[in-house]
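Below: upload-v1.txt (compact mmCIF, C-alpha atoms)
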```
# COMPACT_ATOMS: atom_id res chain seq x y z
CA MET A 4 193.98 260.24 155.71
CA THR A 5 194.89 256.86 157.09
CA LYS A 6 194.44 253.81 154.99
CA THR A 7 194.07 250.84 157.26
CA ILE A 8 194.88 247.28 156.33
CA PRO A 9 191.50 245.62 155.98
CA ILE A 10 191.05 242.34 157.80
CA ALA A 11 188.80 240.22 155.64
CA PRO A 12 185.65 239.05 157.43
CA VAL A 13 184.96 235.39 157.98
CA ARG A 14 182.10 234.40 155.67
CA LYS A 15 180.21 231.14 155.85
CA SER A 16 176.94 229.87 154.52
CA ILE A 17 174.82 226.78 154.77
CA ASP A 18 171.55 225.69 153.20
CA VAL A 19 168.88 224.23 155.42
CA LYS A 20 165.54 222.62 154.69
CA ALA A 21 163.35 225.06 156.54
CA THR A 22 161.56 228.31 155.81
CA PRO A 23 163.44 231.50 156.70
CA GLU A 24 161.04 231.90 159.64
CA ARG A 25 161.95 228.49 161.08
CA ALA A 26 165.63 228.87 160.34
CA PHE A 27 165.66 232.26 162.01
CA ARG A 28 163.84 230.90 165.05
CA ILE A 29 166.10 227.89 165.47
CA PHE A 30 169.16 230.05 165.01
CA THR A 31 168.19 232.74 167.48
CA ALA A 32 165.60 231.40 169.93
CA GLU A 33 166.88 227.82 170.05
CA MET A 34 170.59 228.48 169.93
CA VAL A 35 171.16 226.27 172.96
CA ARG A 36 170.02 223.25 170.93
CA TRP A 37 172.88 223.48 168.45
CA TRP A 38 175.59 225.58 170.09
CA SER A 39 178.65 223.56 171.04
CA LYS A 40 178.62 223.53 174.83
CA GLU A 41 182.38 223.82 175.08
CA TYR A 42 182.07 227.42 173.89
CA SER A 43 181.12 228.91 177.19
CA ILE A 44 182.58 231.65 179.34
CA ASN A 45 180.62 230.68 182.43
CA LYS A 46 181.81 228.46 185.26
CA SER A 47 178.47 226.73 185.32
CA PRO A 48 177.59 224.53 182.30
CA ILE A 49 175.30 226.11 179.69
CA LYS A 50 171.61 225.59 180.37
CA ASP A 51 170.27 228.19 177.97
CA ILE A 52 171.44 230.74 175.42
CA VAL A 53 169.28 233.82 175.13
CA ILE A 54 169.13 236.48 172.46
CA GLU A 55 166.61 239.04 173.65
CA PRO A 56 164.52 239.62 170.52
CA ARG A 57 164.91 243.35 170.06
CA VAL A 58 167.49 245.97 169.19
CA ASN A 59 169.81 246.45 172.14
CA GLY A 60 168.66 243.12 173.59
CA ARG A 61 171.31 241.12 175.41
CA TRP A 62 172.89 237.97 174.11
CA PHE A 63 173.93 235.78 177.00
CA GLU A 64 174.34 232.28 178.30
CA ARG A 65 172.60 231.09 181.44
CA GLY A 66 174.29 228.42 183.49
CA GLU A 67 172.71 225.51 185.29
CA ASP A 68 173.12 227.46 188.52
CA GLY A 69 171.15 230.39 187.05
CA SER A 70 174.17 232.66 186.59
CA GLU A 71 174.29 234.73 183.42
CA CYS A 72 177.28 235.68 181.29
CA GLN A 73 176.85 238.17 178.55
CA TRP A 74 178.30 237.52 175.11
CA GLY A 75 177.09 240.57 173.25
CA ARG A 76 174.09 242.54 172.05
CA VAL A 77 171.57 242.83 169.30
CA LEU A 78 172.44 245.65 166.89
CA ALA A 79 169.73 244.93 164.34
CA TRP A 80 166.69 242.67 164.67
CA GLU A 81 164.93 242.02 161.36
CA PRO A 82 163.15 238.64 161.52
CA PRO A 83 163.06 236.50 159.51
CA SER A 84 165.75 237.87 157.21
CA ARG A 85 168.55 239.23 159.36
CA VAL A 86 170.03 239.60 162.81
CA LEU A 87 173.12 241.66 163.49
CA LEU A 88 174.87 240.88 166.73
CA ALA A 89 177.74 242.50 168.53
CA TRP A 90 180.01 239.68 169.55
CA GLU A 91 182.04 240.73 172.54
CA ILE A 92 183.81 237.54 173.38
CA THR A 93 187.36 236.85 172.46
CA PRO A 94 188.03 233.55 170.75
CA SER A 95 189.61 232.40 173.98
CA PHE A 96 186.07 232.81 175.32
CA THR A 97 186.31 235.64 177.72
CA TYR A 98 183.93 238.58 177.69
CA ASP A 99 185.54 241.81 176.61
CA PRO A 100 183.37 244.92 176.32
CA ASP A 101 186.18 246.62 174.40
CA LEU A 102 186.04 243.99 171.74
CA ILE A 103 183.20 244.76 169.40
CA THR A 104 182.99 242.58 166.37
CA GLU A 105 179.92 242.44 164.19
CA LEU A 106 178.24 239.16 163.50
CA ASP A 107 175.84 239.58 160.61
CA ILE A 108 173.48 236.66 159.98
CA ARG A 109 171.18 236.62 156.95
CA PHE A 110 168.38 234.23 156.06
CA THR A 111 167.34 234.11 152.42
CA ALA A 112 164.71 231.82 150.89
CA LYS A 113 166.29 229.45 148.41
CA GLY A 114 164.01 226.99 146.67
CA SER A 115 161.96 225.35 149.42
CA GLY A 116 164.68 226.01 151.98
CA THR A 117 166.82 228.80 153.33
CA ARG A 118 170.37 229.90 152.81
CA VAL A 119 171.93 231.07 156.06
CA GLU A 120 174.92 233.35 155.67
CA VAL A 121 177.18 234.34 158.52
CA GLU A 122 179.64 237.18 158.25
CA HIS A 123 181.90 237.75 161.22
CA ARG A 124 183.71 241.04 160.84
CA LEU A 125 186.97 241.37 162.66
CA ASP A 126 187.35 245.08 162.23
CA GLY A 127 186.31 245.71 165.79
CA TYR A 128 186.35 249.43 165.58
CA GLY A 129 184.44 249.88 162.37
CA ALA A 130 180.76 250.21 161.76
CA ALA A 131 179.86 248.30 164.91
CA ALA A 132 181.60 250.84 167.08
CA GLU A 133 179.49 253.56 165.52
CA ASP A 134 176.28 251.62 166.10
CA MET A 135 177.32 250.83 169.63
CA PHE A 136 177.92 254.48 170.31
CA LYS A 137 174.36 255.26 169.31
CA ILE A 138 172.91 252.39 171.28
CA PHE A 139 174.84 252.93 174.45
CA ASP A 140 174.61 256.68 174.34
CA SER A 141 171.55 256.52 176.56
CA GLY A 142 171.87 253.22 178.32
CA TRP A 143 175.41 252.37 179.21
CA PRO A 144 177.58 255.39 179.99
CA GLY A 145 180.33 253.22 181.44
CA LEU A 146 180.90 251.41 178.20
CA LEU A 147 180.70 254.64 176.26
CA GLU A 148 183.39 255.98 178.48
CA SER A 149 185.66 253.05 177.85
CA PHE A 150 184.93 253.47 174.17
CA ALA A 151 185.92 257.10 174.35
CA GLN A 152 189.16 256.11 176.03
CA GLU A 153 189.73 253.52 173.37
CA ALA A 154 189.15 256.04 170.63
CA ALA A 155 191.22 258.77 172.27
CA MET B 242 199.36 227.09 168.72
CA THR B 243 200.09 230.45 167.20
CA TYR B 244 196.48 231.57 167.15
CA SER B 245 196.03 231.24 170.88
CA LEU B 246 199.17 233.32 171.40
CA ALA B 247 197.76 235.92 169.04
CA LEU B 248 194.49 235.97 170.91
CA ALA B 249 196.18 236.29 174.23
CA ALA B 250 198.32 239.11 172.88
CA LEU B 251 195.31 241.02 171.63
CA ALA B 252 193.35 240.56 174.84
CA ASP B 253 195.16 243.58 176.28
CA PRO B 254 193.41 246.83 175.23
CA THR B 255 196.60 248.88 175.03
CA ARG B 256 198.35 246.23 173.01
CA ARG B 257 195.36 246.17 170.72
CA GLN B 258 195.74 249.93 170.27
CA VAL B 259 199.39 249.47 169.34
CA PHE B 260 198.32 246.82 166.86
CA GLU B 261 195.60 249.10 165.45
CA GLU B 262 198.20 251.81 164.93
CA LEU B 263 200.14 249.46 162.68
CA ARG B 264 197.08 248.72 160.62
CA ALA B 265 197.48 252.21 159.19
CA GLY B 266 200.98 251.32 158.02
CA PRO B 267 204.49 250.43 159.22
CA LYS B 268 205.76 252.65 162.04
CA PRO B 269 208.74 253.01 164.37
CA VAL B 270 208.23 252.83 168.16
CA GLY B 271 208.56 256.58 168.64
CA ILE B 272 205.68 257.45 166.32
CA ILE B 273 203.37 254.91 167.97
CA ALA B 274 204.28 256.17 171.44
CA ALA B 275 203.62 259.76 170.36
CA ARG B 276 200.12 258.82 169.21
CA LEU B 277 199.11 256.86 172.30
CA PRO B 278 199.01 257.76 175.98
CA VAL B 279 201.68 255.14 176.63
CA SER B 280 205.39 255.47 177.28
CA ARG B 281 207.92 254.46 174.68
CA PRO B 282 209.33 251.55 176.72
CA ALA B 283 205.77 250.29 177.25
CA VAL B 284 205.11 250.43 173.51
CA SER B 285 208.35 248.51 172.90
CA GLN B 286 207.20 245.88 175.35
CA HIS B 287 203.82 245.55 173.65
CA LEU B 288 205.50 245.29 170.24
CA LYS B 289 207.77 242.58 171.56
CA GLN B 290 204.77 240.57 172.72
CA LEU B 291 202.93 241.15 169.46
CA ARG B 292 206.02 239.96 167.62
CA GLU B 293 206.28 236.83 169.76
CA ALA B 294 202.63 236.16 169.05
CA GLY B 295 203.37 236.31 165.33
CA LEU B 296 201.17 239.36 164.74
CA VAL B 297 203.91 241.86 164.05
CA CYS B 298 207.27 241.81 162.25
CA ASP B 299 210.09 244.34 162.29
CA ARG B 300 212.92 245.37 160.03
CA PRO B 301 215.87 247.71 160.56
CA GLU B 302 215.79 251.08 158.86
CA GLY B 303 218.92 253.06 159.57
CA ALA B 304 219.37 253.23 163.33
CA ARG B 305 215.76 252.38 164.17
CA ARG B 306 213.39 249.53 163.68
CA ILE B 307 210.17 249.70 161.74
CA TYR B 308 207.27 247.55 162.86
CA PHE B 309 204.53 246.24 160.62
CA ILE B 310 201.66 243.78 160.74
CA ASN B 311 202.43 240.20 159.91
CA PRO B 312 199.59 239.13 157.63
CA ARG B 313 200.17 235.49 158.49
CA GLY B 314 199.56 236.13 162.17
CA VAL B 315 196.27 237.84 161.43
CA GLN B 316 195.39 234.90 159.24
CA GLU B 317 195.80 232.55 162.20
CA LEU B 318 193.34 234.64 164.12
CA ARG B 319 190.82 234.48 161.30
CA ALA B 320 191.40 230.78 160.93
CA TRP B 321 190.05 230.15 164.41
CA LEU B 322 186.74 231.85 163.69
CA ASP B 323 186.64 230.19 160.31
CA ARG B 324 186.75 226.75 161.91
CA PHE B 325 184.42 227.84 164.68
CA TRP B 326 181.68 228.91 162.24
CA ASP B 327 182.15 225.87 160.04
CA GLN B 328 181.56 223.68 163.04
CA SER B 329 178.69 225.77 164.38
CA LEU B 330 176.77 225.99 161.10
CA VAL B 331 177.00 222.26 160.59
CA ALA B 332 175.59 221.78 164.08
CA PHE B 333 172.85 224.31 163.32
CA ALA B 334 171.89 222.51 160.09
CA ALA B 335 171.87 219.19 161.96
CA GLU B 336 169.41 220.64 164.48
CA VAL B 337 167.14 221.86 161.66
CA GLU B 338 167.26 218.37 160.12
CA LYS B 339 166.48 216.77 163.46
CA GLN B 340 163.45 219.00 163.91
CA ASN B 341 162.40 218.26 160.32
CA ALA B 342 162.52 214.55 161.09
CA ASP B 343 160.51 215.06 164.30
CA ARG B 344 157.90 217.03 162.36
CA GLY B 345 157.76 214.24 159.77
CA LYS B 346 156.99 211.72 162.51
CA GLU B 347 154.29 213.91 163.99
CA GLY B 348 152.71 214.26 160.56
CA LYS B 349 152.27 210.52 160.17
```

Written as structure tokens, how would this file's structure read?
Amino acid sequence: MTKTIPIAPVRKSIDVKATPERAFRIFTAEMVRWWSKEYSINKSPIKDIVIEPRVNGRWFERGEDGSECQWGRVLAWEPPSRVLLAWEITPSFTYDPDLITELDIRFTAKGSGTRVEVEHRLDGYGAAAEDMFKIFDSGWPGLLESFAQEAA
Amino acid sequence: MTYSLALAALADPTRRQVFEELRAGPKPVGIIAARLPVSRPAVSQHLKQLREAGLVCDRPEGARRIYFINPRGVQELRAWLDRFWDQSLVAFAAEVEKQNADRGKEGK
């Protein structure tokens, strides 16, 4: 019935000289080595960035003082070809569980290297919301509730 | 910076709902208020802030005003992430290169 104005996703890609396996590992498990430290929502400086390697795993930063601040969650974990994250931080770098944007990262072999494609979807209430419903149905009733309110 | 205003404006969940309503098409205040559990004056207030943030425009239609999304404002919002990912992917590629170089040294 309603036709919504689509907000085009942000799409970026880069080619790296590494196998998809290595590219995937550096991107996900070694994020702290390349992530710009200014992009933090914690009071304590970033010591580590963790993406728990499984569906529904948390994506968070750990500060030097050991404190953790969540950024989002893993919606799909398909090493070495794809990881789909729920990005729940506003661009002003505050955590907002109501903000669900999908961050789809794909790793495709290209020659002897890998093409890494990032698609950041800004339609916060689209497919991600549906996935999040399924994921949080069992584990996070509070968020589901706020979702329900949002959708009401 | 317009984009930071836009981001601040959308940080409020109710305001985001008002904004989402407009994504389905231009609407007057009354229609938006009827669809959300928010009073009409509150909706007006949110629309005012969205307009100041450059996300929403309005035009008169008879005695009322019709509000609609300002595509340029949304563009500002996208632009931030666009720059963010440009910067981040370059840093990622640099890290891969650095590790490649380290591996090269180890191999010798």

request  = Can you work out the spacing between CA of Glu338 (chain B) and CA of Glu67 (chain A) in Å, to one decimal?
outcome  =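 Computing it gives 26.7 Å between the two atoms.
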
inquiry  = Set the cut-off to 10 Å and count only C-alpha atoms: what are the residues of chain B that reach chain A? Output as an MDAnalysis selection string.
reply    = chainID B and resid 244:246 248:249 251:255 257:258 261:266 276:278 310 312 315:316 318:338 340:341

inquiry  = Set the distance at 9 Å and use all atoms listed in the file: which residues neighbour Arg61 (chain A) once local chain neighbours fewer than 2 positions away are removed? I'd like the list as a VMD selection string.
reply    = chain A and resid 53 to 59 63 73 to 77

query = What is the CA of Leu78 (chain A) to CA of Glu64 (chain A) distance in Å?
reply = 17.7 Å

query = Counting only C-alpha atoms, which of A:Ala32, A:Gly69, A:Ile52, A:Thr22 gets nearest to Gly116 (chain A)?
reply =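 Among the listed residues, A:Thr22 lies closest to Gly116 (chain A).
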
query = Given the choices A:Ala112, A:Lys46, A:Leu88, A:Pro83, which gets closest to Glu71 (chain A) if the distance is worked out from only C-alpha atoms?
reply =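 Once distances to Glu71 (chain A) are computed over only C-alpha atoms, the minimum belongs to A:Lys46.
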
task = Might you pull out every residue within 9 Å of region 302-306 of chain B, with all atoms listed in the file counted and same-chain residues fewer than 3 positions away left off, and present them as number ranges by chain?
result = B: 268-270, 299

request  = Report the distance between CA of Ile272 (chain B) and CA of Leu288 (chain B) in Å, rounded to one decimal place.
outcome  =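 Spanning CA of Ile272 (chain B) to CA of Leu288 (chain B) is a straight-line distance of 12.8 Å.
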
key: Selection: 12 Å around Gln286 (chain B), all atoms listed in the file, excl. self and same-chain fewer than 3 positions, as a PyMOL selection string   = chain B and resi 250+255-256+259+270+274+279-283+289-293
